[in-house]
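One file, input03.csv, is given below (CSV, C-alpha atoms).
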```csv
chain,number,residue,atom,x,y,z
A,920,MET,CA,18.8,-10.0,-31.4
A,921,GLY,CA,15.7,-8.0,-30.7
A,922,ASP,CA,15.8,-4.4,-29.8
A,923,PRO,CA,19.5,-3.2,-30.1
A,924,ALA,CA,18.9,-0.8,-27.2
A,925,VAL,CA,18.8,-3.9,-24.9
A,926,GLY,CA,22.3,-5.0,-25.9
A,927,GLU,CA,22.5,-8.8,-26.5
A,928,PHE,CA,18.9,-9.3,-25.2
A,929,GLY,CA,15.8,-8.6,-27.1
A,930,GLN,CA,12.7,-7.5,-25.1
A,931,ASP,CA,11.0,-10.8,-26.0
A,932,ASP,CA,14.0,-12.7,-24.6
A,933,LEU,CA,13.8,-10.8,-21.3
A,934,ASP,CA,10.1,-11.3,-21.0
A,935,ALA,CA,10.6,-15.1,-21.4
A,936,ALA,CA,13.6,-15.3,-19.2
A,937,TYR,CA,11.9,-13.5,-16.3
A,938,ALA,CA,8.3,-14.7,-16.7
A,939,VAL,CA,6.6,-14.9,-13.4
A,940,PRO,CA,4.9,-18.2,-12.5
A,941,ALA,CA,1.3,-18.0,-11.5
A,942,PRO,CA,1.1,-17.6,-7.7
A,943,ALA,CA,-0.7,-20.3,-5.8
A,944,LEU,CA,-4.2,-19.1,-4.9
A,945,GLY,CA,-4.1,-16.8,-1.9
A,946,ASN,CA,-0.3,-16.5,-1.9
A,947,ALA,CA,2.1,-13.9,-3.1
A,948,HIS,CA,5.1,-14.6,-5.3
A,949,VAL,CA,7.9,-12.4,-4.0
A,950,ARG,CA,10.9,-11.6,-6.3
A,951,SER,CA,13.8,-9.3,-5.4
A,952,ASN,CA,16.0,-7.4,-7.8
A,953,PHE,CA,19.4,-6.1,-7.0
A,954,VAL,CA,22.6,-4.9,-8.8
A,955,ALA,CA,25.9,-5.4,-7.1
A,956,SER,CA,29.6,-5.1,-7.9
A,957,ALA,CA,31.8,-8.2,-8.2
A,958,ASP,CA,33.0,-7.6,-4.7
A,959,GLY,CA,29.4,-7.3,-3.3
A,960,ALA,CA,28.8,-3.6,-3.2
A,961,ALA,CA,25.1,-2.8,-3.7
A,962,GLU,CA,25.7,1.0,-3.9
A,963,VAL,CA,28.3,3.6,-4.9
A,964,ASP,CA,28.1,6.9,-3.2
A,965,GLY,CA,25.0,5.8,-1.5
A,966,ARG,CA,23.0,4.9,-4.6
A,967,SER,CA,22.7,1.8,-6.8
A,968,GLY,CA,22.4,3.7,-10.1
A,969,GLY,CA,26.2,3.9,-10.7
A,970,LEU,CA,26.5,0.1,-10.8
A,971,GLY,CA,24.1,-0.8,-13.7
A,972,GLY,CA,24.6,-0.4,-17.4
A,973,GLU,CA,22.0,-0.2,-20.2
A,974,ALA,CA,21.2,-3.9,-20.1
A,975,ASP,CA,20.6,-3.8,-16.4
A,976,ARG,CA,18.3,-0.9,-16.8
A,977,TRP,CA,16.3,-3.0,-19.3
A,978,VAL,CA,16.1,-5.9,-16.8
A,979,PHE,CA,15.0,-3.4,-14.1
A,980,ARG,CA,12.2,-2.1,-16.3
A,981,THR,CA,11.2,-5.6,-17.5
A,982,LEU,CA,10.8,-6.9,-13.9
A,983,ARG,CA,8.6,-3.9,-13.1
A,984,TRP,CA,6.5,-4.5,-16.2
A,985,LEU,CA,5.9,-8.1,-15.2
A,986,ALA,CA,5.0,-7.3,-11.6
A,987,ASP,CA,1.6,-6.4,-10.0
A,988,VAL,CA,3.3,-4.2,-7.4
A,989,VAL,CA,6.8,-2.8,-6.6
A,990,VAL,CA,7.7,-2.9,-2.9
A,991,VAL,CA,10.5,-0.9,-1.4
A,992,GLY,CA,11.8,0.1,2.0
A,993,ALA,CA,11.4,3.7,3.2
A,994,GLY,CA,15.2,4.4,3.3
A,995,THR,CA,15.7,3.2,-0.2
A,996,ALA,CA,12.6,5.2,-1.4
A,997,ARG,CA,14.1,8.4,0.0
A,998,ALA,CA,17.8,7.7,-1.0
A,999,GLU,CA,16.8,6.9,-4.6
A,1000,ASN,CA,14.2,9.6,-4.8
A,1001,TYR,CA,11.5,7.1,-5.9
A,1002,GLY,CA,8.8,8.2,-8.2
A,1003,PRO,CA,5.9,6.3,-9.9
A,1004,ALA,CA,6.6,3.3,-12.1
A,1005,ILE,CA,6.9,4.3,-15.8
A,1006,VAL,CA,5.1,2.0,-18.2
A,1007,PRO,CA,5.0,2.9,-22.0
A,1008,PRO,CA,1.8,2.5,-23.9
A,1009,GLU,CA,2.7,-0.7,-25.6
A,1010,ARG,CA,3.6,-2.3,-22.3
A,1011,ARG,CA,0.4,-1.1,-20.7
A,1012,GLU,CA,-1.5,-2.9,-23.5
A,1013,ALA,CA,0.5,-6.1,-22.9
A,1014,ARG,CA,-0.1,-5.9,-19.1
A,1015,VAL,CA,-3.8,-5.5,-19.6
A,1016,ALA,CA,-3.9,-8.4,-22.0
A,1017,ALA,CA,-2.1,-10.5,-19.4
A,1018,GLY,CA,-4.6,-9.6,-16.7
A,1019,LEU,CA,-2.5,-7.0,-14.9
A,1020,ALA,CA,-3.4,-3.4,-14.2
A,1021,PRO,CA,-1.8,-0.9,-16.7
A,1022,VAL,CA,0.7,0.4,-14.1
A,1023,PRO,CA,2.0,-1.3,-11.0
A,1024,PRO,CA,1.7,0.8,-7.8
A,1025,ILE,CA,4.7,1.5,-5.6
A,1026,ALA,CA,4.3,0.2,-2.0
A,1027,VAL,CA,6.6,1.4,0.7
A,1028,ILE,CA,7.4,-0.2,4.1
A,1029,SER,CA,7.7,2.6,6.6
A,1030,GLY,CA,7.4,2.7,10.4
A,1031,SER,CA,8.0,6.5,10.8
A,1032,LEU,CA,6.1,7.7,7.6
A,1033,ALA,CA,8.8,10.4,7.3
A,1034,PHE,CA,7.7,11.5,3.9
A,1035,ASP,CA,6.7,14.8,2.4
A,1036,PRO,CA,3.3,14.5,0.8
A,1037,ALA,CA,4.6,16.6,-2.1
A,1038,ALA,CA,7.4,14.1,-2.9
A,1039,ARG,CA,7.5,12.7,-6.4
A,1040,LEU,CA,6.6,9.3,-5.0
A,1041,PHE,CA,3.0,10.6,-4.6
A,1042,ALA,CA,2.8,12.2,-8.1
A,1043,ALA,CA,1.4,9.1,-9.6
A,1044,GLU,CA,-1.7,8.1,-11.5
A,1045,VAL,CA,-1.9,5.1,-9.3
A,1046,ARG,CA,-1.9,5.8,-5.6
A,1047,PRO,CA,1.1,4.4,-3.7
A,1048,ILE,CA,0.6,2.1,-0.7
A,1049,LEU,CA,2.3,2.8,2.6
A,1050,PHE,CA,2.5,-0.1,5.0
A,1051,THR,CA,3.1,1.1,8.6
A,1052,HIS,CA,2.4,0.1,12.2
A,1053,GLY,CA,0.0,1.2,14.9
A,1054,ASN,CA,2.6,3.4,16.7
A,1055,ALA,CA,3.3,5.5,13.6
A,1056,PRO,CA,2.6,9.3,14.2
A,1057,ALA,CA,-1.1,9.9,13.8
A,1058,GLN,CA,-0.6,13.3,12.2
A,1059,ARG,CA,1.6,11.7,9.5
A,1060,ILE,CA,-0.9,9.0,8.9
A,1061,ALA,CA,-3.6,11.6,8.4
A,1062,ALA,CA,-1.5,13.8,6.1
A,1063,LEU,CA,-0.3,10.9,3.9
A,1064,ARG,CA,-3.8,9.4,3.5
A,1065,GLU,CA,-4.5,12.4,1.3
A,1066,VAL,CA,-2.0,11.1,-1.3
A,1067,ALA,CA,-1.6,7.4,-0.6
A,1068,ASP,CA,-3.3,4.3,0.8
A,1069,VAL,CA,-1.9,3.9,4.3
A,1070,VAL,CA,-2.3,0.4,5.7
A,1071,VAL,CA,-1.5,-0.5,9.3
A,1072,CYS,CA,0.1,-3.9,9.5
A,1073,GLY,CA,1.1,-4.6,13.1
A,1074,ASP,CA,1.2,-2.9,16.5
A,1075,ASP,CA,4.8,-1.7,16.8
A,1076,ARG,CA,6.5,-3.0,13.6
A,1077,VAL,CA,5.4,-3.7,10.1
A,1078,GLU,CA,4.5,-7.4,9.9
A,1079,LEU,CA,5.6,-8.4,6.4
A,1080,THR,CA,3.3,-11.4,6.3
A,1081,VAL,CA,0.3,-9.1,6.9
A,1082,ALA,CA,1.5,-6.7,4.3
A,1083,LEU,CA,1.9,-9.5,1.7
A,1084,ALA,CA,-1.6,-10.8,2.6
A,1085,GLU,CA,-3.0,-7.3,2.1
A,1086,LEU,CA,-1.4,-7.1,-1.4
A,1087,VAL,CA,-2.9,-10.5,-2.3
A,1088,ALA,CA,-6.3,-9.3,-1.1
A,1089,ARG,CA,-5.9,-6.3,-3.4
A,1090,GLY,CA,-5.3,-8.6,-6.4
A,1091,LEU,CA,-1.5,-7.8,-6.4
A,1092,PRO,CA,0.1,-11.2,-5.8
A,1093,ARG,CA,3.2,-10.7,-8.1
A,1094,VAL,CA,5.4,-8.8,-5.8
A,1095,LEU,CA,8.7,-7.2,-6.9
A,1096,THR,CA,10.9,-5.8,-4.1
A,1097,GLU,CA,13.8,-3.5,-4.9
A,1098,GLY,CA,15.3,-3.3,-1.4
A,1099,GLY,CA,16.8,-1.9,0.5
A,1100,PRO,CA,19.2,-4.4,2.1
A,1101,ALA,CA,17.3,-4.4,5.4
A,1102,LEU,CA,13.9,-5.2,3.9
A,1103,HIS,CA,15.5,-7.8,1.6
A,1104,ALA,CA,17.1,-9.5,4.6
A,1105,GLN,CA,13.9,-9.5,6.5
A,1106,LEU,CA,12.0,-11.1,3.6
A,1107,ALA,CA,14.6,-13.7,2.9
A,1108,GLY,CA,15.3,-14.5,6.5
A,1109,ALA,CA,11.6,-15.0,7.2
A,1110,GLY,CA,11.3,-17.4,4.3
A,1111,LEU,CA,9.1,-15.1,2.3
A,1112,LEU,CA,11.3,-14.6,-0.7
A,1113,ASP,CA,10.7,-16.8,-3.8
A,1114,GLU,CA,13.3,-15.4,-6.2
A,1115,LEU,CA,16.5,-13.3,-6.3
A,1116,CYS,CA,17.3,-11.5,-9.6
A,1117,LEU,CA,20.9,-10.3,-9.3
A,1118,THR,CA,23.0,-8.3,-11.7
A,1119,ILE,CA,26.8,-8.6,-11.1
A,1120,ALA,CA,28.4,-5.5,-12.5
A,1121,PRO,CA,32.0,-5.9,-13.8
A,1122,LEU,CA,33.6,-3.6,-11.3
A,1123,LEU,CA,35.0,-3.5,-7.8
A,1124,GLY,CA,33.3,-1.1,-5.4
A,1125,GLY,CA,36.0,-1.3,-2.8
A,1126,PRO,CA,35.6,-1.6,1.0
A,1127,GLY,CA,32.9,0.0,3.1
A,1128,HIS,CA,29.8,-0.4,1.0
A,1129,LEU,CA,26.4,-1.9,1.8
A,1130,GLY,CA,25.6,-5.4,0.4
A,1131,ILE,CA,22.3,-6.7,-0.7
A,1132,VAL,CA,21.3,-7.8,2.9
A,1133,ALA,CA,21.7,-5.9,6.2
A,1134,GLY,CA,20.6,-6.2,9.8
A,1135,ALA,CA,20.3,-9.1,12.3
A,1136,GLY,CA,21.8,-12.5,11.4
A,1137,TRP,CA,19.8,-15.5,10.4
A,1138,PRO,CA,19.7,-18.9,12.2
A,1139,ALA,CA,20.9,-20.5,8.9
A,1140,ALA,CA,22.0,-19.6,5.4
A,1141,ARG,CA,19.3,-19.7,2.7
A,1142,PRO,CA,20.1,-22.1,-0.2
A,1143,MET,CA,19.2,-21.1,-3.8
A,1144,ARG,CA,18.9,-22.8,-7.1
A,1145,LEU,CA,20.2,-21.0,-10.3
A,1146,ARG,CA,17.4,-20.6,-12.9
A,1147,HIS,CA,19.4,-18.8,-15.5
A,1148,ALA,CA,22.7,-16.9,-16.1
A,1149,LEU,CA,22.8,-14.2,-18.9
A,1150,GLU,CA,25.8,-12.0,-19.9
A,1151,ASP,CA,26.1,-8.7,-21.6
A,1152,GLU,CA,29.3,-6.7,-21.9
A,1153,GLY,CA,30.8,-8.4,-18.9
A,1154,ALA,CA,27.8,-8.0,-16.6
A,1155,LEU,CA,26.0,-11.2,-15.4
A,1156,PHE,CA,22.3,-11.4,-15.0
A,1157,LEU,CA,21.4,-14.2,-12.5
A,1158,ARG,CA,18.0,-15.5,-11.6
A,1159,TYR,CA,17.9,-17.7,-8.4
A,1160,GLN,CA,15.0,-19.6,-6.9
A,1161,LEU,CA,14.5,-20.0,-3.2
A,1162,SER,CA,12.2,-22.4,-1.3
A,1163,ARG,CA,9.7,-20.7,0.9
A,1164,GLY,CA,9.9,-21.4,4.6
A,1165,GLU,CA,13.4,-23.0,4.6
```
What would the structure in this file look like if it were written as structure tokens?
Amino acid sequence: MGDPAVGEFGQDDLDAAYAVPAPALGNAHVRSNFVASADGAAEVDGRSGGLGGEADRWVFRTLRWLADVVVVGAGTARAENYGPAIVPPERREARVAAGLAPVPPIAVISGSLAFDPAARLFAAEVRPILFTHGNAPAQRIAALREVADVVVCGDDRVELTVALAELVARGLPRVLTEGGPALHAQLAGAGLLDELCLTIAPLLGGPGHLGIVAGAGWPAARPMRLRHALEDEGALFLRYQLSRGE
């Protein structure tokens, strides 16, 4: 059904399956997107690209096309060589008709700001946003402000609640985060995550790989409710809902 390039899913089906609920006034809606092997590996050879097939790539694109902003941790941005979000003309028109900007900006959480201003991340028609803290190197802040919006959110660490409030104030409440595992764990552990969209790839990654969360433990596990389960060529596409603040 639909576009055969999407496998068993048409684009209209994906748009409906992953539609973002309207965020409450003044709040962000935070959704994460990950792909993992059946044994929980979120990367192969240090990158996630080897885990997903064509249908996963369509889900990845769709989630970006439905978001106001894409948020990622600095380590993932460097490891995956992040660039600007790509939105084709017909999707730009659909975004504008839905009240979104034509292209979502990329926002990066980074304490050190260890980025080259010439990196492809900054070769974008929409300026990226860099969230950092007050102890970040002043020279790096100055250099990166030439190519990005640098926002200080906290004294010695990036306060995620402040960063989310900044996005809402900019009119970017539909937040998609693509990791990495440490940022994902911080958001979920702090009760700031509304949804997890998880692709289970039909393979075993083997021992020694990163999972979709990393870092310090939580006081308690986070319960989730399954919203949908789709399947394509053995891969599962799961959408879970979390309750804020639990």
| field | Nearest to Leu1111 (chain A), chosen from A:Gly1018, A:Leu1049, A:Phe928, A:Leu1079, with all atoms listed in the file counted in the distances | value |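 Among the listed residues, the smallest separation from Leu1111 (chain A) belongs to A:Leu1079.
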### Query
Which residues, written as a VMD selection string, have at least one atom at most 12 Å from Pro1126 (chain A), with only C-alpha atoms counted and residues fewer than 3 positions away on the same chain left out?
chain A and resid 956 to 963 1123 1129 to 1130
Around the point (13.4, -12.9, -7.8) (coordinates from the file), which residues reach within 8 Å if we count all atoms listed in the file? Answer as an mmCIF file with C-alpha atoms, in the frame of the given file.
```cif
data_model
loop_
_atom_site.group_PDB
_atom_site.id
_atom_site.type_symbol
_atom_site.label_atom_id
_atom_site.label_comp_id
_atom_site.auth_asym_id
_atom_site.auth_seq_id
_atom_site.Cartn_x
_atom_site.Cartn_y
_atom_site.Cartn_z
ATOM 1 C CA VAL A 949 7.900 -12.400 -4.000
ATOM 2 C CA ARG A 950 10.900 -11.600 -6.300
ATOM 3 C CA SER A 951 13.800 -9.300 -5.400
ATOM 4 C CA ASN A 952 16.000 -7.400 -7.800
ATOM 5 C CA LEU A 1095 8.700 -7.200 -6.900
ATOM 6 C CA LEU A 1112 11.300 -14.600 -0.700
ATOM 7 C CA ASP A 1113 10.700 -16.800 -3.800
ATOM 8 C CA GLU A 1114 13.300 -15.400 -6.200
ATOM 9 C CA LEU A 1115 16.500 -13.300 -6.300
ATOM 10 C CA CYS A 1116 17.300 -11.500 -9.600
ATOM 11 C CA ARG A 1158 18.000 -15.500 -11.600
ATOM 12 C CA TYR A 1159 17.900 -17.700 -8.400
ATOM 13 C CA GLN A 1160 15.000 -19.600 -6.900
#
```
Open item on the list: For Arg1010 (chain A), find every residue with an atom within 10 Å (counting all atoms listed in the file), except residues of its own chain fewer than 5 positions away, and show them as a list in words.
Closed with: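 Skipping anything fewer than 5 positions along the chain leaves Thr981, Trp984, Leu985, Ile1005, Val1015, Ala1016, Pro1021 and Val1022 of chain A.
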_Which residues are close to Thr1096 (chain A), i.e. within 10 Å by all atoms listed in the file, leaving aside same-chain residues fewer than 6 positions away? Reply as a ChimeraX atom specification._
/A:949-953,982-983,986,988-992,1025-1027,1102-1103,1106,1112,1115
(request) In Å, rounded to a single decimal, give me how far CA of Arg1046 (chain A) is from CA of Val1006 (chain A). (result)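 Interatomic distance, CA of Val1006 (chain A) to CA of Arg1046 (chain A): 14.9 Å.
Distance check against Gln930 (chain A) using only C-alpha atoms: of A:Leu1155, A:Glu1044, A:Trp977, A:Ala1101, the minimum falls on A:Trp977.
One distance worth recording is that between CA of Ser1031 (chain A) and CA of Val1069 (chain A), which is 12.1 Å.
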Separation of CA of Ile1060 (chain A) from CA of Ala1033 (chain A), in Å and rounded to one decimal
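Distance between the two atoms: 9.9 Å.
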Q: Give the answer as one residue: which of A:Ala1037, A:Val1087, A:Ala938, A:Leu1157 has the shortest atom-to-atom distance to Ala1120 (chain A), using only C-alpha atoms?
A: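 Selected residue with least distance to Ala1120 (chain A): A:Leu1157.
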Point to revise | Contact residues around Val1071 (chain A) with only C-alpha atoms at 8 Å, ignoring same-chain residues under 5 positions, as number ranges by chain | key: A: 1050-1053, 1077
